[in-house]
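What follows is the content of my_file_1.cif (mmCIF, C-alpha atoms).
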```
data_entry
loop_
_atom_site.label_atom_id
_atom_site.label_comp_id
_atom_site.auth_asym_id
_atom_site.auth_seq_id
_atom_site.Cartn_x
_atom_site.Cartn_y
_atom_site.Cartn_z
CA MET A 1 34.33 -8.34 -9.59
CA ALA A 2 34.26 -10.38 -12.78
CA ASP A 3 31.30 -12.46 -11.59
CA TRP A 4 29.35 -9.60 -10.02
CA LYS A 5 26.42 -9.94 -12.45
CA ASP A 6 25.74 -13.40 -11.02
CA LYS A 7 24.88 -11.70 -7.72
CA LEU A 8 22.13 -9.53 -9.20
CA PRO A 9 18.49 -10.00 -8.13
CA GLU A 10 16.15 -11.67 -10.59
CA ALA A 11 14.43 -8.40 -11.56
CA ALA A 12 17.75 -6.76 -12.46
CA ARG A 13 18.81 -9.74 -14.56
CA ALA A 14 15.44 -9.75 -16.33
CA TYR A 15 15.76 -6.02 -17.05
CA LEU A 16 19.14 -6.55 -18.69
CA GLU A 17 18.22 -9.68 -20.65
CA GLY A 18 19.14 -9.14 -24.28
CA HIS A 19 20.78 -5.78 -23.55
CA ARG A 20 24.28 -4.55 -22.78
CA LEU A 21 24.60 -2.77 -19.45
CA ASP A 22 25.85 0.75 -20.06
CA GLU A 23 26.16 2.37 -16.65
CA VAL A 24 26.14 1.65 -12.93
CA GLU A 25 25.09 4.22 -10.33
CA CYS A 26 26.87 3.68 -7.00
CA ILE A 27 24.56 5.39 -4.51
CA ILE A 28 24.07 5.99 -0.79
CA SER A 29 21.51 7.92 1.24
CA ASP A 30 22.61 11.15 2.89
CA LEU A 31 20.90 12.52 6.03
CA PRO A 32 17.86 13.97 4.20
CA GLY A 33 17.51 10.78 2.12
CA ILE A 34 18.88 12.20 -1.13
CA ALA A 35 20.70 9.71 -3.36
CA ARG A 36 24.39 10.65 -3.43
CA GLY A 37 27.16 8.83 -5.23
CA LYS A 38 28.76 8.47 -8.61
CA ALA A 39 27.95 6.91 -11.95
CA MET A 40 30.47 4.98 -14.00
CA PRO A 41 30.55 2.88 -17.15
CA ALA A 42 29.68 -0.75 -16.46
CA THR A 43 33.09 -1.83 -17.78
CA LYS A 44 34.85 0.34 -15.19
CA PHE A 45 32.53 -0.82 -12.39
CA ALA A 46 33.44 -4.44 -13.18
CA LYS A 47 37.11 -3.59 -12.57
CA THR A 48 36.53 -1.46 -9.47
CA LYS A 49 36.77 -3.10 -6.08
CA HIS A 50 35.72 -0.04 -4.08
CA SER A 51 34.41 3.45 -4.69
CA TYR A 52 35.07 6.45 -2.47
CA LEU A 53 33.14 9.51 -1.29
CA PRO A 54 34.13 12.19 1.27
CA ASN A 55 32.50 11.92 4.69
CA SER A 56 31.51 15.59 4.44
CA ILE A 57 28.39 14.38 2.60
CA PHE A 58 26.86 13.82 6.03
CA TYR A 59 27.67 17.34 7.26
CA GLN A 60 25.54 19.02 4.58
CA THR A 61 22.22 20.70 5.28
CA ILE A 62 19.21 20.33 2.99
CA THR A 63 20.24 23.56 1.24
CA GLY A 64 23.71 22.24 0.44
CA GLY A 65 25.45 24.26 3.13
CA TYR A 66 27.83 22.70 5.64
CA ALA A 67 27.46 22.40 9.38
CA ASP A 68 30.96 23.50 10.34
CA GLU A 69 30.74 22.35 13.96
CA ALA A 70 30.08 18.77 12.89
CA GLU A 71 32.69 18.89 10.16
CA ASN A 72 35.43 20.21 12.43
CA GLU A 73 34.84 18.05 15.49
CA GLU A 74 38.30 16.52 15.17
CA LYS A 75 41.50 18.53 15.29
CA GLY A 76 43.15 18.65 11.90
CA TYR A 77 40.05 17.47 10.01
CA THR A 78 41.03 16.54 6.44
CA GLU A 79 37.69 15.47 4.91
CA PRO A 80 38.64 11.78 4.62
CA ASP A 81 37.08 9.36 2.17
CA MET A 82 34.55 6.68 3.03
CA ILE A 83 34.73 3.31 1.30
CA LEU A 84 31.66 2.25 -0.68
CA LYS A 85 30.96 -1.48 -0.89
CA PRO A 86 28.15 -2.58 -3.21
CA ASP A 87 25.21 -4.47 -1.75
CA PHE A 88 24.29 -6.43 -4.86
CA SER A 89 20.97 -7.52 -3.38
CA THR A 90 19.83 -3.90 -3.89
CA ALA A 91 20.73 -3.71 -7.60
CA ALA A 92 17.75 -2.27 -9.47
CA ALA A 93 16.97 -0.82 -12.87
CA ALA A 94 16.85 2.90 -13.56
CA PRO A 95 14.25 2.54 -16.35
CA TRP A 96 13.76 6.29 -16.85
CA THR A 97 17.29 6.74 -18.20
CA GLY A 98 18.11 6.82 -21.88
CA ASP A 99 20.44 3.83 -21.66
CA TRP A 100 20.61 0.57 -19.70
CA THR A 101 21.50 1.59 -16.17
CA LEU A 102 21.53 -0.14 -12.80
CA GLN A 103 21.42 1.51 -9.38
CA ILE A 104 23.20 -0.23 -6.54
CA ILE A 105 22.99 0.89 -2.91
CA HIS A 106 26.37 0.74 -1.21
CA ASP A 107 27.40 0.19 2.39
CA LEU A 108 29.84 2.62 3.96
CA THR A 109 32.90 1.84 6.05
CA ASN A 110 36.07 3.65 7.05
CA ARG A 111 39.56 2.51 6.06
CA GLU A 112 39.60 0.03 8.95
CA GLY A 113 36.42 -1.61 7.68
CA LYS A 114 34.20 -0.29 10.48
CA PRO A 115 30.71 0.99 9.57
CA ILE A 116 30.34 4.74 9.18
CA GLN A 117 28.16 5.54 12.18
CA VAL A 118 26.53 8.60 10.63
CA SER A 119 25.27 6.70 7.56
CA PRO A 120 21.45 6.42 7.83
CA ARG A 121 21.47 2.85 6.48
CA ASN A 122 24.03 1.89 9.11
CA VAL A 123 21.93 3.54 11.84
CA LEU A 124 18.99 1.33 10.87
CA LYS A 125 21.23 -1.75 10.72
CA ARG A 126 22.48 -0.94 14.22
CA VAL A 127 18.92 -0.87 15.60
CA VAL A 128 17.95 -4.10 13.80
CA GLU A 129 21.05 -5.80 15.22
CA LEU A 130 20.01 -4.83 18.76
CA TYR A 131 16.75 -6.69 18.19
CA ARG A 132 18.55 -9.71 16.79
CA LYS A 133 20.86 -9.92 19.78
CA LYS A 134 17.72 -10.45 21.86
CA GLY A 135 16.49 -13.19 19.52
CA TRP A 136 13.91 -10.91 17.86
CA THR A 137 13.30 -10.08 14.21
CA PRO A 138 11.56 -6.76 13.61
CA VAL A 139 9.11 -6.50 10.71
CA VAL A 140 7.80 -3.24 9.24
CA ALA A 141 5.39 -2.07 6.56
CA PRO A 142 5.52 1.60 5.49
CA GLU A 143 2.74 3.56 3.84
CA LEU A 144 3.88 6.32 1.48
CA GLU A 145 1.83 9.48 0.97
CA PHE A 146 2.84 12.12 -1.54
CA TYR A 147 1.42 14.83 -3.77
CA LEU A 148 1.46 15.18 -7.52
CA VAL A 149 1.58 18.93 -8.16
CA ALA A 150 1.82 21.32 -11.08
CA ARG A 151 5.37 22.25 -12.07
CA ASN A 152 6.58 24.93 -9.70
CA THR A 153 9.67 26.74 -10.98
CA ASP A 154 9.18 29.91 -8.94
CA PRO A 155 9.59 29.25 -5.18
CA THR A 156 7.75 32.49 -4.37
CA LYS A 157 4.50 31.12 -5.82
CA PRO A 158 2.21 28.70 -3.96
CA ILE A 159 2.17 25.06 -5.00
CA GLU A 160 -0.93 24.07 -6.98
CA PRO A 161 -2.56 20.69 -7.71
CA PRO A 162 -1.80 19.18 -11.13
CA MET A 163 -4.03 19.44 -14.17
CA GLY A 164 -5.87 16.17 -14.72
CA ARG A 165 -7.00 14.48 -17.92
CA THR A 166 -10.33 16.37 -17.72
CA GLY A 167 -8.46 19.66 -18.02
CA ARG A 168 -9.36 20.59 -14.45
CA ARG A 169 -7.07 20.74 -11.46
CA ALA A 170 -7.22 17.85 -9.02
CA ALA A 171 -9.65 18.44 -6.15
CA GLY A 172 -9.27 17.63 -2.48
CA ARG A 173 -11.59 15.63 -0.22
CA GLN A 174 -11.76 12.78 -2.73
CA ALA A 175 -10.21 10.06 -0.57
CA TYR A 176 -10.38 6.57 -2.11
CA SER A 177 -12.00 7.92 -5.28
CA MET A 178 -11.08 5.78 -8.30
CA SER A 179 -11.96 8.55 -10.73
CA ALA A 180 -9.62 10.91 -8.87
CA VAL A 181 -6.75 8.46 -9.36
CA ASP A 182 -7.70 8.14 -13.05
CA GLU A 183 -7.21 11.90 -13.44
CA TYR A 184 -3.43 11.30 -13.41
CA GLY A 185 -3.54 7.69 -14.54
CA PRO A 186 -0.53 7.96 -16.91
CA VAL A 187 1.71 8.90 -13.96
CA ILE A 188 0.39 5.96 -11.94
CA ASP A 189 0.95 3.65 -14.91
CA ASP A 190 4.60 4.70 -15.10
CA ILE A 191 4.99 4.22 -11.34
CA TYR A 192 3.75 0.66 -11.74
CA ASP A 193 6.02 0.05 -14.75
CA PHE A 194 9.10 1.48 -13.06
CA ALA A 195 8.40 -0.47 -9.88
CA GLU A 196 8.02 -3.72 -11.83
CA ALA A 197 11.31 -3.11 -13.67
CA GLN A 198 13.00 -2.57 -10.30
CA GLY A 199 11.43 -5.63 -8.68
CA LEU A 200 9.49 -3.50 -6.18
CA GLU A 201 6.10 -4.84 -5.13
CA ILE A 202 3.23 -2.42 -4.56
CA ASP A 203 0.52 -3.63 -2.18
CA GLY A 204 -1.94 -0.97 -3.29
CA ILE A 205 -2.41 2.61 -4.55
CA THR A 206 -5.20 4.89 -3.36
CA GLN A 207 -6.28 8.50 -3.63
CA GLU A 208 -5.80 10.30 -0.32
CA GLY A 209 -7.71 13.30 1.03
CA GLY A 210 -5.58 16.06 -0.48
CA ALA A 211 -5.79 17.47 -4.00
CA GLY A 212 -3.48 15.27 -6.03
CA GLN A 213 -2.45 13.28 -2.93
CA VAL A 214 -1.67 9.59 -3.44
CA GLU A 215 -0.82 6.75 -1.06
CA ILE A 216 1.24 3.66 -1.90
CA ASN A 217 1.30 0.74 0.52
CA LEU A 218 4.20 -1.71 0.60
CA GLN A 219 4.32 -5.33 1.70
CA HIS A 220 5.68 -5.98 5.19
CA GLY A 221 9.21 -7.29 5.58
CA ASP A 222 12.78 -6.70 6.73
CA PRO A 223 13.30 -3.08 7.89
CA VAL A 224 16.49 -2.46 5.89
CA LYS A 225 14.97 -3.93 2.72
CA LEU A 226 11.81 -1.85 3.14
CA ALA A 227 13.83 1.32 3.78
CA ASP A 228 15.80 0.59 0.60
CA GLU A 229 12.50 0.29 -1.26
CA VAL A 230 11.15 3.60 0.07
CA PHE A 231 14.48 5.21 -0.89
CA TYR A 232 14.06 3.83 -4.42
CA PHE A 233 10.34 4.65 -4.61
CA LYS A 234 10.90 8.32 -3.88
CA ARG A 235 13.22 8.57 -6.84
CA LEU A 236 11.10 6.57 -9.28
CA ILE A 237 7.90 8.47 -8.35
CA ARG A 238 9.64 11.78 -9.03
CA GLU A 239 10.87 10.49 -12.39
CA ALA A 240 7.40 9.20 -13.34
CA ALA A 241 5.87 12.60 -12.55
CA LEU A 242 8.46 14.47 -14.63
CA ARG A 243 7.53 12.38 -17.64
CA HIS A 244 4.05 13.89 -17.47
CA ASP A 245 4.86 17.55 -16.88
CA CYS A 246 4.26 17.61 -13.14
CA PHE A 247 6.23 17.24 -9.92
CA ALA A 248 5.96 14.66 -7.17
CA THR A 249 6.67 16.08 -3.73
CA PHE A 250 7.23 14.36 -0.39
CA MET A 251 7.06 17.59 1.61
CA ALA A 252 5.11 17.07 4.79
CA LYS A 253 2.80 20.02 4.02
CA PRO A 254 3.15 21.32 0.45
CA ILE A 255 -0.26 22.98 -0.04
CA GLU A 256 -1.94 25.35 2.39
CA GLY A 257 -5.28 24.04 3.60
CA GLU A 258 -4.68 20.48 2.41
CA PRO A 259 -3.73 17.49 4.57
CA GLY A 260 -0.06 16.68 5.09
CA SER A 261 1.75 13.59 3.84
CA ALA A 262 2.73 10.88 6.31
CA MET A 263 4.83 7.75 6.25
CA HIS A 264 2.84 5.57 8.63
CA ILE A 265 4.98 2.69 9.90
CA HIS A 266 3.51 -0.65 10.95
CA HIS A 267 5.63 -2.82 13.28
CA SER A 268 5.60 -6.36 14.53
CA VAL A 269 8.35 -8.51 16.06
CA LEU A 270 9.02 -12.22 15.52
CA ASP A 271 10.75 -14.64 17.87
CA GLN A 272 13.36 -17.22 16.81
CA ASP A 273 10.60 -19.59 15.69
CA GLY A 274 8.96 -16.95 13.50
CA ASN A 275 6.05 -16.31 15.88
CA ASN A 276 4.69 -12.83 16.46
CA ILE A 277 5.70 -11.91 20.01
CA PHE A 278 2.70 -9.58 20.24
CA SER A 279 0.37 -12.62 20.30
CA GLY A 280 0.31 -15.50 22.78
CA PRO A 281 -0.31 -19.21 22.06
CA GLN A 282 -4.05 -18.69 22.38
CA GLY A 283 -4.02 -15.52 20.27
CA GLY A 284 -4.20 -13.03 23.11
CA GLU A 285 -2.20 -9.82 23.49
CA THR A 286 1.11 -10.40 25.26
CA ASP A 287 3.16 -8.38 27.71
CA ALA A 288 5.60 -7.68 24.85
CA PHE A 289 2.77 -6.09 22.88
CA PHE A 290 2.02 -3.66 25.70
CA HIS A 291 5.72 -3.02 26.42
CA PHE A 292 6.24 -2.06 22.77
CA ILE A 293 3.34 0.42 22.93
CA ALA A 294 4.70 1.86 26.19
CA GLY A 295 8.06 2.38 24.48
CA MET A 296 6.30 4.32 21.75
CA GLN A 297 4.51 6.50 24.28
CA ASP A 298 7.63 7.13 26.35
CA HIS A 299 10.21 7.67 23.61
CA LEU A 300 8.51 9.02 20.47
CA PRO A 301 8.84 12.64 21.69
CA SER A 302 12.63 12.23 21.74
CA VAL A 303 12.84 11.16 18.07
CA ILE A 304 10.46 13.71 16.56
CA PRO A 305 13.41 15.45 14.79
CA LEU A 306 13.92 12.22 12.82
CA LEU A 307 10.22 11.75 12.08
CA ALA A 308 9.58 15.46 11.40
CA PRO A 309 12.99 16.73 10.25
CA TYR A 310 12.22 20.20 8.82
CA VAL A 311 10.45 23.39 9.82
CA ASN A 312 7.74 22.52 7.27
CA SER A 313 7.23 19.11 8.92
CA PHE A 314 5.44 20.67 11.87
CA ARG A 315 2.82 22.27 9.63
CA ARG A 316 1.47 18.75 9.12
CA TYR A 317 0.61 18.35 12.79
CA VAL A 318 -2.81 19.97 12.56
CA LYS A 319 -5.72 18.82 14.66
CA ASP A 320 -8.53 17.05 12.73
CA GLN A 321 -6.40 16.58 9.59
CA SER A 322 -5.41 12.92 10.13
CA ALA A 323 -2.07 13.89 11.69
CA PRO A 324 -2.23 13.01 15.39
CA ILE A 325 -0.29 15.17 17.82
CA ASN A 326 -1.01 12.89 20.76
CA LEU A 327 0.63 9.72 22.09
CA GLU A 328 -2.61 7.91 22.84
CA TRP A 329 -3.02 4.35 21.61
CA ALA A 330 -6.23 2.84 20.38
CA ARG A 331 -7.61 -0.04 18.37
CA ASP A 332 -8.77 0.79 14.84
CA ASN A 333 -8.76 4.53 15.57
CA ARG A 334 -6.95 6.93 13.24
CA THR A 335 -7.19 9.86 15.64
CA ALA A 336 -4.59 8.22 17.91
CA GLY A 337 -0.87 8.68 17.40
CA ILE A 338 -0.37 4.95 18.01
CA ARG A 339 -2.96 2.78 16.24
CA ILE A 340 -3.61 -0.95 16.46
CA PRO A 341 -5.06 -1.94 13.05
CA LEU A 342 -7.62 -4.68 12.59
CA GLY A 343 -6.15 -8.14 12.10
CA GLY A 344 -5.75 -11.59 13.55
CA PRO A 345 -3.15 -12.75 16.09
CA LYS A 346 -0.50 -13.52 13.45
CA SER A 347 -0.76 -10.05 11.93
CA ARG A 348 -1.07 -8.12 15.22
CA ARG A 349 0.97 -4.96 14.80
CA VAL A 350 1.50 -1.42 16.08
CA GLU A 351 1.22 1.56 13.75
CA ASN A 352 3.17 4.77 14.30
CA ARG A 353 1.16 7.59 12.68
CA LEU A 354 3.51 10.45 13.61
CA ALA A 355 6.22 10.03 10.95
CA GLY A 356 6.09 12.45 8.01
CA MET A 357 6.83 11.44 4.43
CA ASP A 358 9.66 13.96 4.39
CA CYS A 359 11.72 11.87 6.80
CA ASN A 360 14.67 9.79 5.65
CA PRO A 361 13.16 6.27 5.47
CA TYR A 362 16.19 4.67 7.12
CA LEU A 363 16.12 7.13 10.00
CA GLY A 364 12.33 7.20 10.36
CA ILE A 365 12.12 3.41 10.59
CA ALA A 366 15.19 3.25 12.85
CA ALA A 367 13.76 5.84 15.23
CA SER A 368 10.38 4.14 15.38
CA LEU A 369 11.90 0.70 16.00
CA ALA A 370 14.23 2.20 18.62
CA CYS A 371 11.22 3.41 20.63
CA GLY A 372 9.68 -0.06 20.55
CA TYR A 373 13.00 -1.67 21.43
CA LEU A 374 13.44 0.49 24.52
CA GLY A 375 9.89 -0.36 25.51
CA LEU A 376 10.61 -4.09 25.26
CA ILE A 377 13.78 -3.66 27.34
CA GLU A 378 12.20 -1.44 29.99
CA GLY A 379 9.10 -3.62 30.38
CA LYS A 380 6.66 -0.84 31.26
CA ARG A 381 2.91 -0.78 30.68
CA PRO A 382 1.25 1.86 28.51
CA ASP A 383 -1.55 4.18 29.52
CA ALA A 384 -5.05 2.82 29.04
CA SER A 385 -6.20 2.69 25.44
CA VAL A 386 -8.34 5.61 24.39
CA LYS A 387 -11.96 5.36 23.31
CA GLY A 388 -13.45 7.89 20.95
CA ASP A 389 -11.73 10.93 19.44
CA ALA A 390 -8.12 11.01 20.64
CA SER A 391 -7.55 14.37 18.99
CA GLU A 392 -9.33 15.94 21.96
CA ARG A 393 -6.56 14.65 24.24
CA GLU A 394 -3.54 16.66 25.33
CA GLU A 395 -0.83 17.47 22.80
CA ALA A 396 2.16 15.30 23.66
CA ILE A 397 4.91 16.02 21.13
CA PRO A 398 7.12 19.05 20.44
CA ARG A 399 5.44 21.44 18.01
CA ASP A 400 8.51 22.99 16.39
CA LEU A 401 11.93 21.76 15.33
CA HIS A 402 13.87 23.81 17.88
CA SER A 403 11.89 22.36 20.80
CA ALA A 404 12.09 18.87 19.31
CA LEU A 405 15.87 19.05 19.10
CA GLU A 406 16.08 20.01 22.78
CA VAL A 407 14.18 16.84 23.71
CA PHE A 408 16.32 14.80 21.30
CA GLU A 409 19.54 16.17 22.80
CA ALA A 410 18.52 15.16 26.32
CA ALA A 411 17.53 11.57 25.40
CA THR A 412 20.80 9.81 26.22
CA ASP A 413 19.13 6.38 26.32
CA MET A 414 17.99 6.90 22.73
CA HIS A 415 21.50 8.04 21.74
CA GLU A 416 22.87 4.67 22.85
CA VAL A 417 20.39 2.87 20.59
CA LEU A 418 20.84 5.04 17.49
CA GLY A 419 24.55 5.74 18.06
CA PRO A 420 26.00 8.72 19.98
CA ARG A 421 28.10 9.99 17.08
CA PHE A 422 25.16 9.94 14.67
CA CYS A 423 22.96 11.76 17.17
CA ARG A 424 25.58 14.46 17.69
CA VAL A 425 26.09 15.10 13.97
CA TYR A 426 22.36 15.01 13.24
CA ARG A 427 21.65 17.56 15.96
CA ILE A 428 24.33 19.92 14.67
CA VAL A 429 23.11 19.68 11.06
CA LYS A 430 19.52 20.36 12.10
CA ARG A 431 20.58 23.36 14.18
CA ALA A 432 22.37 24.71 11.12
CA GLU A 433 19.23 24.27 9.02
CA ILE A 434 17.17 26.22 11.55
CA ASN A 435 19.69 29.05 11.36
CA GLU A 436 19.50 28.99 7.55
CA PHE A 437 15.71 29.14 7.68
CA LEU A 438 15.77 32.13 10.02
CA GLN A 439 17.67 34.12 7.39
CA VAL A 440 14.64 34.00 5.06
CA ILE A 441 11.89 36.62 5.36
CA SER A 442 8.49 35.11 4.52
CA PRO A 443 5.59 36.71 2.60
CA TRP A 444 3.52 36.62 5.83
CA GLU A 445 6.10 38.80 7.57
CA ARG A 446 6.20 41.28 4.70
CA GLU A 447 2.41 41.44 4.52
CA HIS A 448 1.63 41.85 8.19
CA LEU A 449 4.75 43.37 9.76
CA LEU A 450 6.20 45.69 7.13
CA LEU A 451 3.82 48.59 7.77
CA ASN A 452 1.98 47.55 10.93
CA VAL A 453 4.62 47.22 13.63
#
```
Turn this file's structure into structure tokens for me.
Amino acid sequence: MADWKDKLPEAARAYLEGHRLDEVECIISDLPGIARGKAMPATKFAKTKHSYLPNSIFYQTITGGYADEAENEEKGYTEPDMILKPDFSTAAAAPWTGDWTLQIIHDLTNREGKPIQVSPRNVLKRVVELYRKKGWTPVVAPELEFYLVARNTDPTKPIEPPMGRTGRRAAGRQAYSMSAVDEYGPVIDDIYDFAEAQGLEIDGITQEGGAGQVEINLQHGDPVKLADEVFYFKRLIREAALRHDCFATFMAKPIEGEPGSAMHIHHSVLDQDGNNIFSGPQGGETDAFFHFIAGMQDHLPSVIPLLAPYVNSFRRYVKDQSAPINLEWARDNRTAGIRIPLGGPKSRRVENRLAGMDCNPYLGIAASLACGYLGLIEGKRPDASVKGDASEREEAIPRDLHSALEVFEAATDMHEVLGPRFCRVYRIVKRAEINEFLQVISPWEREHLLLNV
């Protein structure tokens, strides 16, 4: 790979200009979306054709335990290696490190060169390829919500908002307040600086409704590229927060009584000529537009475990807290689970408001696109659009992870889109996490059950 530096994106080359590259981080996303991999000196990376990691990475739960059933599905399992191949288009700075370091996302194959089906990035690529085989190009734009919180080193204590520059803790119910954002301006400044060094474009930053809750909007584009960016953003936001003595968290519901954090996903689809298939020649709404919405209504319940992957995720689904639990669709209405934002024919799009920020971005986007894809293939019509407050409508999604996994397991049509092997392993890992959670006795149980039952 002697000429590998010639393949780097412009932002990576600019970051290294006048400096000697010290280290390269060869990274992948595991099922939760954690960056896994290995770091090596740049001189060794230049001589290395491939890197290797064991496939057991994808059998780990969020706690670091292993889902034995998934791991031992084959007789004589030997924990084989996966082959990591660098995708140089993803090379980006790691500006928070003490030396000159690049991160590079790698693709995963087996020894025969076939994609590892359980890899979240490969799952998303599989879904995008299904669109392309039909002559369609999916386009997405994610919105990232997260909390800046005070350092929490004792898991038994509640999470608190961070201390702002005024010496007071951040307050809730300050959505879109510029002064609220200024309270933790140094963190935001570092987020901007890190993003610029990595070549990541921010469309906007706003204060959300929770205490210390921030939203970052990204430009629309290719689903895999945008998922890569969300993957990178989660890491850089955490690093920016640590520089200023606070944590950044992407938990769906980190603070009791405050709104949860979502990853709203906007979708549109282009034809081979680059035209939005949701809009007709005269600018009207097309059959494809309604088919896509119908796919969302019919299939979103089956992918809730990918959009809400933890027991905590379901605490976000609270009525009247901007987290719809319905499958209604509506124009310019944030109480609906499926929203059609304002915009002209070229920018006509469908927004999925059910995904939590704790989801793996590759899997969340893949699942959302898979619902729309099935809708386009099935050609059904959605229910009538709702007028008024959709939160008064019937709850239409599973309300706990166990129930959601039962719906996911039965959705064989969705398995064919996402990949049967991935779906099997994901289900087993999530079942293992539920069992781990059930081993923990909560403060609520000790307070109300210890002496009263």
query: Do you know which residues the PyMOL selection byres ((chain A and resi 392-408) around 9) returns on this file, as a PyMOL selection string?
result: chain A and resi 300-305+308-311+313-315+317+319+324-328+389-391+409-412+414-415+423+427+430-431+434
Please, could you write that set of residues out with C-alpha atoms as an mmCIF file, in the coordinates of the input?
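The resulting file, part-v2.cif, is reproduced below:
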```
data_model
loop_
_atom_site.group_PDB
_atom_site.id
_atom_site.type_symbol
_atom_site.label_atom_id
_atom_site.label_comp_id
_atom_site.auth_asym_id
_atom_site.auth_seq_id
_atom_site.Cartn_x
_atom_site.Cartn_y
_atom_site.Cartn_z
ATOM 1 C CA LEU A 300 8.510 9.020 20.470
ATOM 2 C CA PRO A 301 8.840 12.640 21.690
ATOM 3 C CA SER A 302 12.630 12.230 21.740
ATOM 4 C CA VAL A 303 12.840 11.160 18.070
ATOM 5 C CA ILE A 304 10.460 13.710 16.560
ATOM 6 C CA PRO A 305 13.410 15.450 14.790
ATOM 7 C CA ALA A 308 9.580 15.460 11.400
ATOM 8 C CA PRO A 309 12.990 16.730 10.250
ATOM 9 C CA TYR A 310 12.220 20.200 8.820
ATOM 10 C CA VAL A 311 10.450 23.390 9.820
ATOM 11 C CA SER A 313 7.230 19.110 8.920
ATOM 12 C CA PHE A 314 5.440 20.670 11.870
ATOM 13 C CA ARG A 315 2.820 22.270 9.630
ATOM 14 C CA TYR A 317 0.610 18.350 12.790
ATOM 15 C CA LYS A 319 -5.720 18.820 14.660
ATOM 16 C CA PRO A 324 -2.230 13.010 15.390
ATOM 17 C CA ILE A 325 -0.290 15.170 17.820
ATOM 18 C CA ASN A 326 -1.010 12.890 20.760
ATOM 19 C CA LEU A 327 0.630 9.720 22.090
ATOM 20 C CA GLU A 328 -2.610 7.910 22.840
ATOM 21 C CA ASP A 389 -11.730 10.930 19.440
ATOM 22 C CA ALA A 390 -8.120 11.010 20.640
ATOM 23 C CA SER A 391 -7.550 14.370 18.990
ATOM 24 C CA GLU A 409 19.540 16.170 22.800
ATOM 25 C CA ALA A 410 18.520 15.160 26.320
ATOM 26 C CA ALA A 411 17.530 11.570 25.400
ATOM 27 C CA THR A 412 20.800 9.810 26.220
ATOM 28 C CA MET A 414 17.990 6.900 22.730
ATOM 29 C CA HIS A 415 21.500 8.040 21.740
ATOM 30 C CA CYS A 423 22.960 11.760 17.170
ATOM 31 C CA ARG A 427 21.650 17.560 15.960
ATOM 32 C CA LYS A 430 19.520 20.360 12.100
ATOM 33 C CA ARG A 431 20.580 23.360 14.180
ATOM 34 C CA ILE A 434 17.170 26.220 11.550
#
```
- request: Would you list the contacts of A:Pro162 as a ChimeraX atom specification, taking every protein, DNA or RNA residue within 8 Å and counting all atoms listed in the file, but skipping same-chain residues closer than 4 positions in sequence?
  value: /A:148-151,169-170,212,246
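Among the candidates A:Met296, A:Ala94, A:Ile57, A:Ala262, the residue lying nearest to A:Ile338 is A:Met296 (atoms considered: only C-alpha atoms).
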Can you write out as JSON lines which residues of stretch 345-389 of chain A fall within 8 Å of stretch 270-279 of chain A, alongside each residue's closest atom pair and its distance in Å to one decimal, counting all atoms listed in the file and ordering rows by chain and ascending residue number?
```
{"residue": "A:Pro345", "atom": "CA", "partner": "A:Ser279", "partner_atom": "CA", "distance": 5.5}
{"residue": "A:Lys346", "atom": "CA", "partner": "A:Asn276", "partner_atom": "CA", "distance": 6.0}
{"residue": "A:Ser347", "atom": "CA", "partner": "A:Asn276", "partner_atom": "CA", "distance": 7.6}
{"residue": "A:Arg348", "atom": "CA", "partner": "A:Phe278", "partner_atom": "CA", "distance": 6.4}
{"residue": "A:Arg349", "atom": "CA", "partner": "A:Phe278", "partner_atom": "CA", "distance": 7.3}
```
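The smallest atom-to-atom distance between A:Gly257 and any of A:Asn452, A:Asp413, A:Arg316, A:Glu183, using all atoms listed in the file, is found for A:Arg316.
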- prompt: Contacts of stretch 113-127 of chain A at 9 Å or less, counting all atoms listed in the file, minus same-chain residues fewer than 4 places along, as an NGL selection string?
  reply: :A and (28-31 or 33 or 55 or 58 or 82-83 or 107-109 or 131-132 or 223-224 or 227-228 or 360-367 or 369-370 or 373 or 417-423 or 425-426)
Distance of atom CA of A:Pro161 from atom CA of A:Ala211, expressed in Å to one decimal place: 5.9 Å
message: Residues near A:Ala35, anyone? I mean within 10 Å using all atoms listed in the file, not counting same-chain ones fewer than 3 positions away, as an MDAnalysis selection string.
response: chainID A and resid 25:32 38 105 231:232 234:235
message: At a cut-off of 10 Å, using all atoms listed in the file, what residues contact A:Asn333? Leave out same-chain residues fewer than 4 positions from it and give the result as a list in words.
response: Trp329, Gly337, Ile338, Arg339, Ile340, Pro341, Leu342, Val386, Lys387, Gly388, Asp389 and Ala390 of chain A
- prompt: Hey, which of A:Leu200, A:Lys380, A:Ser368, A:Gln213 ends up closest to A:Phe289? Count only C-alpha atoms.
  reply: A:Lys380
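Our summary of the geometry notes that atom CA of A:Gln282 is positioned 17.2 Å from atom CA of A:Val269.
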query: Do you know which residues are at most 6 Å from A:Leu376 counting all atoms listed in the file, after dropping those on the same chain fewer than 3 positions away, and could you put them as a ChimeraX atom specification?
result: /A:291-292,373,379
Report as a tab-separated table (two decimals) with C-alpha atoms, keeping the file's coordinate frame the full result of the PyMOL selection byres ((chain A and resi 63) around 10) when it is applied to this structure.
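This is the output file part_13.tsv:
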```tsv
chain	number	residue	atom	x	y	z
A	60	GLN	CA	25.54	19.02	4.58
A	61	THR	CA	22.22	20.70	5.28
A	62	ILE	CA	19.21	20.33	2.99
A	64	GLY	CA	23.71	22.24	0.44
A	65	GLY	CA	25.45	24.26	3.13
A	66	TYR	CA	27.83	22.70	5.64
A	433	GLU	CA	19.23	24.27	9.02
A	436	GLU	CA	19.50	28.99	7.55
A	437	PHE	CA	15.71	29.14	7.68
```
